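*Asks:* I'd like to ask some things about the structure below.
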Amino acid sequence: MTIGFSSRAVRSTCVLCAAGLLTLMPAAAAARAERPDPRPPGGAQAVSPQRAVLYHSGTQVRPRPGAPGVPDVSALSWVVADAGTGDVLAAHDAHRKLPPASTLKTLFALTVLPVLPGGIRHEVSAGELSGIGPGSSLVGVVEGGTYRVSDLWNGVFLNSGNDAVHVLASLTGGWRATAARMQAEARALGAFDTHVRSPDGYDAPGQVSSAYDLAVFGRAGLRNPDFARYCAKVDALFPGQDGEAYGIMNTNRLLTGADGVRPYPGLIGVKNGYTSNAGNTLIAAARRDGRTLVVTVMNPQEGGGHAVYEEAR
């Protein structure tokens with residue numbers, strides 16, 4: 001299986017940055033279930049037989065002799081891919097469309113990071129904080145507060161702050177325009193399962209992604225130095241109302257080792273998420289001996305809130 005990189009795409013007058021298709025190589029394919037029309041959703045061109053295998057249901061893997069067996073995990077969907085070569089080493093229901101929760105913030109970052117310099121300072125207005133969904137994770141952005149864009153990105157990547165996403169989206173055209181650009185970015189990246197309704201990942205009717213698409217976003221993000229730097233941070237300082245900064249910690253417990261979850265050796269990010277509809281979701285990346293793997297896990301059905309980390313492990 002391979003996560004290849006698609007050619008640069010042009011839509012109207014906008015050049016869309018293309019980064020990676022995941023493709024199952026013939027040698028890695030085991031299951032041969034039939035799919036009537038092995039094409040990505042949205043009327044895109046037909047995919048190769050190698051990539052089409054990833055549209056089959058069930059687990060797709062052909063381990064080399066001596067390799068350990070596929071772990072028994074409860075997640076509805078997952079993918080393991082080599083970030084360098086694009087090889088998909090194993091997958092289960094890779095294209096199953098599921099709510100992504102805050103892992104969708106990776107696509108938000110891929111879309112907005114390149115056009116918003118981190119050194120810009122901005123005073124937040126009340127309108128920029130309107131419409132945040134009840135129960136959202138927040139980093140503590142306040143009306144009238146002045147923040148560097150880099151502060152807001154720390155809030156997005158570490159605290160999964162929907163308030164920070166709302167402000168950043170307002171700086172780049174507004175909520176609906178940002179969602180539309182995220183949708184275009186997903187298509188340019190070859191991620192055809194993703195439908196964006198709320199840029200922060202908050203549950204919205206029709207908003208879905210897949211383990212395949214999330215792996216594409218994770219791989220593309222690691223190739224952006226700013227993205228890679230933010231998603232690997234364990235902690236940071238965030239400006240407070242009284243002028244005193246306070247500490248925030250990354251909620252990716254495989255990275256931090258918080259709440260009794262053992263940190264994973266070599267972990268370099270990327271993003272976790274949770275909503276009541278999506279369950280727990282995770283894009284994780286680890287580097288050892290010069291090789292980087294990206295793992296996506298969507299909605300474990302057993303084991304409680306930390307199962308997403310243990311199944312990714």
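Just remember, in the structure tokens the first chain shown is A, the second B, etc., residues are 1-based per chain, and ligands are 1-based in the order shown.
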Hey, could you make a per-residue contact list for range 71-96 of chain A against range 201-220 of chain A with 10 Å as the cut-off, showing the nearest pair of atoms and its distance in Å to one decimal, counting only C-alpha atoms, sorted by chain and number, as a Markdown table?

*Replies:*
```
| residue | atom | partner | partner_atom | distance |
| --- | --- | --- | --- | --- |
| A:Leu76 | CA | A:Ala211 | CA | 9.4 |
| A:Ser77 | CA | A:Ala211 | CA | 6.0 |
| A:Trp78 | CA | A:Ala211 | CA | 5.3 |
| A:Val79 | CA | A:Ala211 | CA | 5.9 |
| A:Val80 | CA | A:Ala215 | CA | 8.0 |
| A:Ala81 | CA | A:Ala215 | CA | 7.4 |
| A:Asp82 | CA | A:Arg219 | CA | 8.7 |
| A:Ala83 | CA | A:Arg219 | CA | 5.6 |
| A:Gly84 | CA | A:Arg219 | CA | 8.3 |
| A:Gly86 | CA | A:Arg219 | CA | 8.4 |
| A:Val88 | CA | A:Tyr212 | CA | 9.5 |
| A:Ala91 | CA | A:Tyr212 | CA | 8.5 |
| A:His92 | CA | A:Ala211 | CA | 8.6 |
| A:Asp93 | CA | A:Ala211 | CA | 8.0 |
| A:Ala94 | CA | A:Tyr212 | CA | 5.0 |
| A:His95 | CA | A:Ser210 | CA | 5.3 |
| A:Arg96 | CA | A:Ser210 | CA | 5.6 |
```

*Asks:* With a distance cut-off of 7 Å and only C-alpha atoms, select the neighbouring residues of Gly161 in chain A, excluding the residue or stretch itself and same-chain residues fewer than 4 positions from it, and output the selection as JSON, numbers by chain.

*Replies:* {"A": [137, 138, 139, 155, 156, 165]}

*Asks:* Nearest to Val297 in chain A among A:Gly69, A:Pro100, A:Gly247, A:Gly260, with distances taken over only C-alpha atoms: which residue is it?

*Replies:*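 When distances to Val297 in chain A are compared using only C-alpha atoms, the smallest one comes from A:Pro100.
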
*Asks:* Contacts of Val115 in chain A at 12 Å or less, counting only C-alpha atoms, minus same-chain residues fewer than 2 places along, as a list in words?

*Replies:* Phe108, Ala109, Leu110, Thr111, Val112, Leu113, Pro117, Gly118, Ile120, Val149, Leu168, Ala169, Leu171, Thr172, Gly173, Thr178, Arg181 and Asp226 of chain A

*Asks:* Output N, CA, C and O atoms for every residue in that selection, as a PDB file, in the first residue's frame.

*Replies:*
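Once written, out-v4.pdb looks like this:
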```
ATOM      1  N   PHE A 108      -7.633  22.181   9.172  1.00  0.00           N
ATOM      2  CA  PHE A 108      -7.705  23.626   9.407  1.00  0.00           C
ATOM      3  C   PHE A 108      -6.304  24.230   9.389  1.00  0.00           C
ATOM      4  O   PHE A 108      -6.055  25.264   8.757  1.00  0.00           O
ATOM      5  N   ALA A 109      -5.373  23.601  10.085  1.00  0.00           N
ATOM      6  CA  ALA A 109      -4.007  24.112  10.132  1.00  0.00           C
ATOM      7  C   ALA A 109      -3.339  24.054   8.766  1.00  0.00           C
ATOM      8  O   ALA A 109      -2.647  25.000   8.359  1.00  0.00           O
ATOM      9  N   LEU A 110      -3.521  22.976   8.036  1.00  0.00           N
ATOM     10  CA  LEU A 110      -2.935  22.874   6.702  1.00  0.00           C
ATOM     11  C   LEU A 110      -3.445  23.991   5.789  1.00  0.00           C
ATOM     12  O   LEU A 110      -2.717  24.479   4.924  1.00  0.00           O
ATOM     13  N   THR A 111      -4.684  24.403   6.007  1.00  0.00           N
ATOM     14  CA  THR A 111      -5.307  25.425   5.163  1.00  0.00           C
ATOM     15  C   THR A 111      -4.891  26.835   5.566  1.00  0.00           C
ATOM     16  O   THR A 111      -4.634  27.688   4.711  1.00  0.00           O
ATOM     17  N   VAL A 112      -4.801  27.095   6.866  1.00  0.00           N
ATOM     18  CA  VAL A 112      -4.637  28.466   7.364  1.00  0.00           C
ATOM     19  C   VAL A 112      -3.192  28.828   7.708  1.00  0.00           C
ATOM     20  O   VAL A 112      -2.773  29.975   7.517  1.00  0.00           O
ATOM     21  N   LEU A 113      -2.420  27.873   8.218  1.00  0.00           N
ATOM     22  CA  LEU A 113      -1.041  28.173   8.609  1.00  0.00           C
ATOM     23  C   LEU A 113      -0.233  28.892   7.521  1.00  0.00           C
ATOM     24  O   LEU A 113       0.476  29.868   7.818  1.00  0.00           O
ATOM     25  N   PRO A 117       0.985  34.690   9.144  1.00  0.00           N
ATOM     26  CA  PRO A 117       2.269  34.731   9.862  1.00  0.00           C
ATOM     27  C   PRO A 117       2.087  34.713  11.373  1.00  0.00           C
ATOM     28  O   PRO A 117       1.213  35.397  11.931  1.00  0.00           O
ATOM     29  N   GLY A 118       2.921  33.942  12.051  1.00  0.00           N
ATOM     30  CA  GLY A 118       2.778  33.746  13.485  1.00  0.00           C
ATOM     31  C   GLY A 118       3.033  34.976  14.326  1.00  0.00           C
ATOM     32  O   GLY A 118       2.575  35.070  15.465  1.00  0.00           O
ATOM     33  N   ILE A 120       1.971  38.090  13.842  1.00  0.00           N
ATOM     34  CA  ILE A 120       0.891  39.081  13.841  1.00  0.00           C
ATOM     35  C   ILE A 120       0.240  39.141  15.220  1.00  0.00           C
ATOM     36  O   ILE A 120      -0.043  38.118  15.837  1.00  0.00           O
ATOM     37  N   VAL A 149      -0.571  35.490  16.709  1.00  0.00           N
ATOM     38  CA  VAL A 149      -1.115  34.340  15.984  1.00  0.00           C
ATOM     39  C   VAL A 149      -0.472  33.049  16.485  1.00  0.00           C
ATOM     40  O   VAL A 149      -1.132  32.012  16.613  1.00  0.00           O
ATOM     41  N   LEU A 168      -8.811  32.616  14.542  1.00  0.00           N
ATOM     42  CA  LEU A 168      -7.952  32.429  13.370  1.00  0.00           C
ATOM     43  C   LEU A 168      -8.778  32.383  12.084  1.00  0.00           C
ATOM     44  O   LEU A 168      -8.373  32.935  11.054  1.00  0.00           O
ATOM     45  N   ALA A 169      -9.942  31.738  12.139  1.00  0.00           N
ATOM     46  CA  ALA A 169     -10.808  31.690  10.960  1.00  0.00           C
ATOM     47  C   ALA A 169     -11.298  33.080  10.591  1.00  0.00           C
ATOM     48  O   ALA A 169     -11.396  33.425   9.400  1.00  0.00           O
ATOM     49  N   LEU A 171      -9.715  35.783  10.914  1.00  0.00           N
ATOM     50  CA  LEU A 171      -8.602  36.522  10.317  1.00  0.00           C
ATOM     51  C   LEU A 171      -8.329  36.108   8.876  1.00  0.00           C
ATOM     52  O   LEU A 171      -7.557  36.768   8.187  1.00  0.00           O
ATOM     53  N   THR A 172      -8.938  35.031   8.446  1.00  0.00           N
ATOM     54  CA  THR A 172      -8.670  34.529   7.090  1.00  0.00           C
ATOM     55  C   THR A 172      -9.947  34.362   6.282  1.00  0.00           C
ATOM     56  O   THR A 172     -10.071  33.422   5.493  1.00  0.00           O
ATOM     57  N   GLY A 173     -10.922  35.244   6.516  1.00  0.00           N
ATOM     58  CA  GLY A 173     -12.101  35.245   5.657  1.00  0.00           C
ATOM     59  C   GLY A 173     -13.398  34.858   6.307  1.00  0.00           C
ATOM     60  O   GLY A 173     -14.457  34.968   5.690  1.00  0.00           O
ATOM     61  N   THR A 178     -13.659  29.800   5.459  1.00  0.00           N
ATOM     62  CA  THR A 178     -12.607  28.881   5.902  1.00  0.00           C
ATOM     63  C   THR A 178     -13.022  27.437   5.670  1.00  0.00           C
ATOM     64  O   THR A 178     -12.222  26.611   5.220  1.00  0.00           O
ATOM     65  N   ARG A 181     -12.576  26.665   2.038  1.00  0.00           N
ATOM     66  CA  ARG A 181     -11.173  26.492   1.656  1.00  0.00           C
ATOM     67  C   ARG A 181     -10.606  25.182   2.207  1.00  0.00           C
ATOM     68  O   ARG A 181      -9.786  24.525   1.562  1.00  0.00           O
ATOM     69  N   ASP A 226       6.161  24.454  10.462  1.00  0.00           N
ATOM     70  CA  ASP A 226       5.379  25.085  11.529  1.00  0.00           C
ATOM     71  C   ASP A 226       4.395  24.097  12.140  1.00  0.00           C
ATOM     72  O   ASP A 226       4.258  23.998  13.372  1.00  0.00           O
TER      73      ASP A 226
END
```

*Asks:* Tell me, which residues of range 40-128 of chain A carry DSSP strand (DSSP E or B), written as a list of chain:residue names?

*Replies:*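 Result set for range 40-128 of chain A (strand (DSSP E or B)): A:Thr59, A:Gln60, A:Ser77, A:Trp78, A:Val79, A:Val80, A:Ala81, A:Asp82, A:Asp87, A:Val88, A:Leu89, A:Ala90, A:Ala91, A:His92, A:Leu98, A:Arg121, A:His122, A:Glu123.
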
*Asks:* Provide the CA of Ala188 in chain A to CA of Thr296 in chain A distance in Å, to one decimal place.

*Replies:*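 CA of Thr296 in chain A lies at a distance of 20.1 Å from CA of Ala188 in chain A.
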
*Asks:* Take CA of Thr194 in chain A and CA of Met298 in chain A and report the distance between them in Å, one decimal.

*Replies:*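 The value is 13.8 Å.
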
*Asks:* What is the CA of Asn250 in chain A-CA of Lys233 in chain A distance in Å, reported with one decimal?

*Replies:*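 Separation of CA of Asn250 in chain A and CA of Lys233 in chain A: 6.9 Å.
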